[in-house]
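Worksheet: the structure to be examined is printed underneath.
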Amino acid sequence: SPESYTLRIYTTRPDTLYGATYMVLSPEHPLVEKIVTPERRQAVLDYCAQARNKSDLERTELSKEKTGEFTGAYAVNPVNGKPIPIWVADYVLISYGTGAIMAVPAHDQRDWEFATKFNLPIIQVIEGGEIGSQAYEGDGRLINSESPVSTSINGLNVSDAKKKITAWLEEHGIGKTAVKYKLRDWLFSRQRYWGEPFPILFDEQGNPTPVDESELPVALPELADFQPAKTGESPLANAEDWLIVKRDGRTYRRDTNTMPQWAGSCWYYLRYLDPKNNNAAWDPAEEKYWMPVDLYVGGAEHAVLHLLYARFWHKVLFDLGLVSTKEPFKKLFNQGMILSFAYKDSRGAYVNFNDIDFSGDKPKSKTTGEVLVESIEKMSKSLGNVINPDDVVAEYGADTLRLYEMAMGPLQATKPWNTRDLSGVHRFLHRVWRMIIDVDSGELHSSIQDVEPGEDELRLLHKTIKKVGDDIEGMNFNTAISAMIIFVNEMLNKPVKSKSTMEKFVQILSPFAPHISEELWRKLGHTDTLAYEAWPKYDQALAEDASVEVPVQVNGKVRSRLVVPADVDEETLKQLALADERVKESIGDKQVRKVIIAKKRLVNLVIG
């Protein structure tokens, strides 16, 4: 029979053990060569050799495409006794944990992407989310988590499930609680020209000494040849006039290494506070006034590199008394990835956008006339599906591009780009223009008058101001745009529109579509730029509906709807519901046993 081995892993999610559908070993794991089957051996060893040529950063980059090879071997999941396939993949590092992981694709996005690519099972064990589109990594009730060979954790929340399954693992000698740290040394030096030089001098005995503060920053020398020096050092070793420093009768040699690209991005936000200061990196008074950063918007792929390093640097600077805040950023917001249509021919090769004919019902190759297969994937130069914003601006204008990107969906969501949908946003901007401007004369529309707005117009305006302002604060730009679309649809064909209403609308439109807003602001009679205008204020009373529609249910089924004042009290609402003819017809000769009023937005009559 085949030889068996014990495969040890470290996991922070023992609660998801029932959802483990495969395992992954690091290419460097010593068991790889022992467990790989003969028919899979060459493919696995070739893959491991390729992985050795990649850095840890390249291998763990969140946005990179997942790769791997099946070893042909299986492991037994101890909580249910089921065999699960063992893969080798470079996103697992031998330097972290044990160099092996259990993969739970339903509740780990990295595992979900791997399982989706290689058609591996995805078993949900925590309620919540839509695992058909992405992993669910939140809290919830455990499901599908029991078997005859171990304890059941069904119905528990994540925290309690972790405790119970860990206790069972320890009781049976299968596992134990441990604390692990993912911190690793950072190889900071780079043997190249580009980058900040280290401000260090070495004497003839090789002893380091910092350059004088008056010599900072150390600038890179001008070079004609950027090839490495014959000594194996960076190209800076070839710049002898820069390299050798004479001081106090002694000869020093500069450090020929440079800092990595991360060095500048670790503290750029501090330099932004005082960018023209030639005497210091930043003025302490400026830093104290501006810091910390209120909001940082960035991709999730930066979380374990740039943002982690920036935080390290900032905490060191704080300990040295050079900054006034312990943390650099108050709030982090990760925007979603934009996907795009990609096209393949019958051989499975990607076809560049420039070589596709979109004039017909189906996209075709310009060279062969072949109908192409359409799919949605992340934008990539290699797939030929990158959208050039210059092309969009040339055809539709910058305002349409801005609006479409914000209207696509929630900022944090992954969303597909569809150039064909740009026309909808473009038409909205045309309607905005026609609402205010006479298209024949190009001047202010005759319906725009210097009059006080009516109550309906005021309520619509103040509701829109409140909604757009709140959505901007909450980064919900798509719903802010929806509110403005509703406003324009309501106001477009009104015979009379208050000029003050139009002015306030243009003000709230301006962050989304600044170019058309500036034009409209001028047309409305203003000579100064709109950029310095204060955000319009709203009246809370006017921002609320004067009346609301309240459904009335009888035993849980809607039987009527009441239109009542927004400030109606519960007793009045109850009496209006009981007096409604359709409700009385539904009650008949039965007795009303209970009246339930939910926040004055729903009435439910329980009869029997």
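Residue numbering restarts at 1 for every chain of the structure tokens, chains are lettered A, B, ... in their displayed order, and ligands are numbered from 1 as they appear.
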Inset, instruction - Go through region 208-390 of chain A and collect every residue that DSSP, computed from the backbone, puts in strand (DSSP E); the answer should be as a PyMOL selection string. - result: chain A and resi 208-210+244-247+250-254+296-299+332-335+338-344+356-357+364-365+373-378
Let me see the file: selected residues, N, CA, C and O atoms, as a CSV table (one decimal), in the first residue's frame.
```csv
chain,number,residue,atom,x,y,z
A,208,PRO,N,31.2,52.3,8.8
A,208,PRO,CA,30.2,53.2,8.2
A,208,PRO,C,30.1,54.5,9.1
A,208,PRO,O,30.2,54.5,10.3
A,209,THR,N,29.7,55.6,8.4
A,209,THR,CA,29.4,56.9,9.1
A,209,THR,C,28.4,57.6,8.3
A,209,THR,O,28.5,57.6,7.0
A,210,PRO,N,27.4,58.3,8.9
A,210,PRO,CA,26.4,59.0,8.1
A,210,PRO,C,27.0,60.3,7.5
A,210,PRO,O,28.0,60.8,8.0
A,244,ILE,N,33.6,58.6,-4.6
A,244,ILE,CA,34.7,58.9,-3.6
A,244,ILE,C,34.6,60.2,-3.0
A,244,ILE,O,34.4,61.2,-3.7
A,245,VAL,N,34.6,60.3,-1.7
A,245,VAL,CA,34.4,61.5,-0.9
A,245,VAL,C,35.7,61.8,-0.1
A,245,VAL,O,36.1,60.9,0.7
A,246,LYS,N,36.2,63.0,-0.2
A,246,LYS,CA,37.4,63.4,0.6
A,246,LYS,C,36.9,64.3,1.7
A,246,LYS,O,36.1,65.2,1.5
A,247,ARG,N,37.3,63.9,2.9
A,247,ARG,CA,36.9,64.7,4.1
A,247,ARG,C,37.9,64.7,5.2
A,247,ARG,O,38.3,63.6,5.6
A,250,ARG,N,40.8,62.4,4.9
A,250,ARG,CA,40.5,61.0,4.8
A,250,ARG,C,39.7,60.7,3.6
A,250,ARG,O,39.0,61.6,3.1
A,251,THR,N,39.8,59.5,3.1
A,251,THR,CA,39.0,59.1,1.9
A,251,THR,C,37.9,58.2,2.3
A,251,THR,O,38.1,57.2,3.0
A,252,TYR,N,36.7,58.5,1.8
A,252,TYR,CA,35.5,57.7,2.1
A,252,TYR,C,34.9,57.2,0.7
A,252,TYR,O,35.1,57.8,-0.3
A,253,ARG,N,34.1,56.2,0.8
A,253,ARG,CA,33.4,55.6,-0.3
A,253,ARG,C,31.9,55.5,0.0
A,253,ARG,O,31.5,55.1,1.1
A,254,ARG,N,31.1,56.1,-0.9
A,254,ARG,CA,29.7,56.0,-0.7
A,254,ARG,C,29.1,54.6,-0.8
A,254,ARG,O,29.7,53.8,-1.4
A,296,TYR,N,-7.8,57.2,3.4
A,296,TYR,CA,-6.9,56.7,2.4
A,296,TYR,C,-7.7,55.7,1.5
A,296,TYR,O,-8.3,54.8,2.0
A,297,VAL,N,-7.7,56.0,0.2
A,297,VAL,CA,-8.4,55.2,-0.8
A,297,VAL,C,-7.4,54.4,-1.6
A,297,VAL,O,-6.5,55.0,-2.2
A,298,GLY,N,-7.4,53.1,-1.5
A,298,GLY,CA,-6.4,52.3,-2.2
A,298,GLY,C,-6.9,50.9,-2.5
A,298,GLY,O,-7.9,50.5,-1.9
A,299,GLY,N,-6.2,50.2,-3.3
A,299,GLY,CA,-6.6,48.8,-3.6
A,299,GLY,C,-6.2,47.8,-2.5
A,299,GLY,O,-5.2,48.1,-1.8
A,332,LEU,N,-9.3,53.7,6.1
A,332,LEU,CA,-8.9,53.1,4.9
A,332,LEU,C,-10.1,52.6,4.1
A,332,LEU,O,-11.0,51.9,4.7
A,333,PHE,N,-10.2,52.8,2.8
A,333,PHE,CA,-11.3,52.4,2.0
A,333,PHE,C,-10.6,51.7,0.8
A,333,PHE,O,-9.9,52.3,0.0
A,334,ASN,N,-11.0,50.4,0.6
A,334,ASN,CA,-10.5,49.6,-0.5
A,334,ASN,C,-11.5,49.6,-1.7
A,334,ASN,O,-12.6,49.1,-1.5
A,335,GLN,N,-11.1,50.3,-2.8
A,335,GLN,CA,-12.0,50.2,-3.9
A,335,GLN,C,-11.9,48.9,-4.7
A,335,GLN,O,-10.9,48.2,-4.6
A,338,ILE,N,-11.9,46.9,-11.5
A,338,ILE,CA,-12.7,47.0,-12.7
A,338,ILE,C,-12.4,45.9,-13.6
A,338,ILE,O,-11.2,45.7,-14.0
A,339,LEU,N,-13.4,45.1,-14.0
A,339,LEU,CA,-13.2,44.0,-15.0
A,339,LEU,C,-13.5,44.5,-16.4
A,339,LEU,O,-14.1,45.6,-16.5
A,340,SER,N,-13.2,43.8,-17.4
A,340,SER,CA,-13.5,44.2,-18.7
A,340,SER,C,-13.8,43.0,-19.6
A,340,SER,O,-13.3,41.9,-19.3
A,341,PHE,N,-14.5,43.2,-20.7
A,341,PHE,CA,-14.7,42.1,-21.6
A,341,PHE,C,-13.4,41.7,-22.3
A,341,PHE,O,-12.6,42.6,-22.6
A,342,ALA,N,-13.2,40.4,-22.5
A,342,ALA,CA,-12.0,39.9,-23.2
A,342,ALA,C,-12.6,39.0,-24.3
A,342,ALA,O,-13.6,38.4,-24.1
A,343,TYR,N,-11.8,38.8,-25.4
A,343,TYR,CA,-12.3,38.0,-26.5
A,343,TYR,C,-11.2,37.0,-26.9
A,343,TYR,O,-10.0,37.3,-27.0
A,344,LYS,N,-11.7,35.8,-27.2
A,344,LYS,CA,-10.8,34.7,-27.6
A,344,LYS,C,-11.3,34.2,-29.0
A,344,LYS,O,-12.5,34.2,-29.3
A,356,ILE,N,-10.7,43.9,-33.4
A,356,ILE,CA,-12.0,43.3,-33.4
A,356,ILE,C,-13.0,44.3,-34.1
A,356,ILE,O,-12.9,45.5,-33.9
A,357,ASP,N,-13.9,43.7,-34.8
A,357,ASP,CA,-15.0,44.4,-35.5
A,357,ASP,C,-16.2,44.3,-34.6
A,357,ASP,O,-16.8,43.2,-34.4
A,364,LYS,N,-16.4,40.2,-34.1
A,364,LYS,CA,-15.6,39.4,-35.0
A,364,LYS,C,-14.2,39.8,-35.2
A,364,LYS,O,-13.9,41.0,-35.0
A,365,SER,N,-13.3,38.9,-35.6
A,365,SER,CA,-11.9,39.2,-35.9
A,365,SER,C,-11.9,40.0,-37.2
A,365,SER,O,-12.5,39.6,-38.2
A,373,VAL,N,-15.3,34.6,-28.9
A,373,VAL,CA,-15.9,34.2,-27.6
A,373,VAL,C,-15.7,35.3,-26.6
A,373,VAL,O,-14.6,35.8,-26.4
A,374,GLU,N,-16.8,35.8,-26.0
A,374,GLU,CA,-16.7,36.9,-25.1
A,374,GLU,C,-16.7,36.4,-23.6
A,374,GLU,O,-17.4,35.5,-23.2
A,375,SER,N,-15.8,37.0,-22.8
A,375,SER,CA,-15.8,36.7,-21.4
A,375,SER,C,-15.4,38.0,-20.6
A,375,SER,O,-15.1,39.0,-21.2
A,376,ILE,N,-15.6,37.9,-19.3
A,376,ILE,CA,-15.3,39.1,-18.4
A,376,ILE,C,-14.1,38.7,-17.5
A,376,ILE,O,-14.2,37.7,-16.8
A,377,GLU,N,-13.0,39.5,-17.6
A,377,GLU,CA,-11.8,39.2,-16.9
A,377,GLU,C,-11.2,40.5,-16.4
A,377,GLU,O,-11.7,41.6,-16.8
A,378,LYS,N,-10.2,40.5,-15.5
A,378,LYS,CA,-9.6,41.7,-15.1
A,378,LYS,C,-8.8,42.3,-16.2
A,378,LYS,O,-8.4,41.6,-17.1
```
Inset, instruction - Just the residues within 7 Å of region 475-478 of chain A, please, counting only C-alpha atoms, with nothing from its chain fewer than 5 positions along; format it as a PyMOL selection string. - result: chain A and resi 406-411
I need the residues from that last selection saved to file as a PDB file, in the first residue's frame (with C-alpha atoms), if you can.
```pdb
ATOM      1  CA  MET A 406     -18.957  56.244 -10.234  1.00  0.00           C
ATOM      2  CA  ALA A 407     -22.334  54.983 -11.481  1.00  0.00           C
ATOM      3  CA  MET A 408     -21.123  51.432 -12.248  1.00  0.00           C
ATOM      4  CA  GLY A 409     -21.927  50.216  -8.735  1.00  0.00           C
ATOM      5  CA  PRO A 410     -20.661  50.383  -5.131  1.00  0.00           C
ATOM      6  CA  LEU A 411     -17.102  51.725  -4.999  1.00  0.00           C
TER       7      LEU A 411
END
```
Inset, instruction - Pick out each residue of region 369-535 of chain A that DSSP on the backbone tags as helix (DSSP H, G or I); I need them as number ranges by chain. - result: A: 381-383, 389-396, 398-407, 419-436, 455-473, 477-491, 499-509, 514-523, 530-532
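When CA of Pro14 (chain A) is paired with CA of Thr166 (chain A), their separation reads 6.7 Å.
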Inset, instruction - Write out as a PyMOL selection string the residues lying within 8 Å of Val583 (chain A), counting only C-alpha atoms and excluding same-chain residues fewer than 6 positions away. - result: chain A and resi 552+554+559-560+577
Writer output for current selection, C-alpha atoms, as a compact mmCIF listing (two decimals), in the first residue's frame:
```txt
# COMPACT_ATOMS: atom_id res chain seq x y z
CA VAL A 552 -51.72 47.50 5.57
CA VAL A 554 -54.15 41.35 7.27
CA ARG A 559 -54.70 44.21 1.52
CA SER A 560 -54.48 48.01 1.13
CA ALA A 577 -56.30 51.19 8.77
```
Within 8 Å of region 63-75 of chain A, which residues of region 108-151 of chain A come that close, and what is the closest atom pair and distance in Å for each? Count only C-alpha atoms and give it as CSV.
```
residue,atom,partner,partner_atom,distance
A:Glu113,CA,A:Lys66,CA,7.1
A:Phe114,CA,A:Lys66,CA,5.7
A:Lys117,CA,A:Lys66,CA,7.7
```
Inset, instruction - Fewer than 4 positions away in the same chain doesn't count, so skip those; otherwise give me all residues within 8 Å of region 218-234 of chain A, counting only C-alpha atoms, as a ChimeraX atom specification. - result: /A:190-193,196-199,238-239,242,256-257
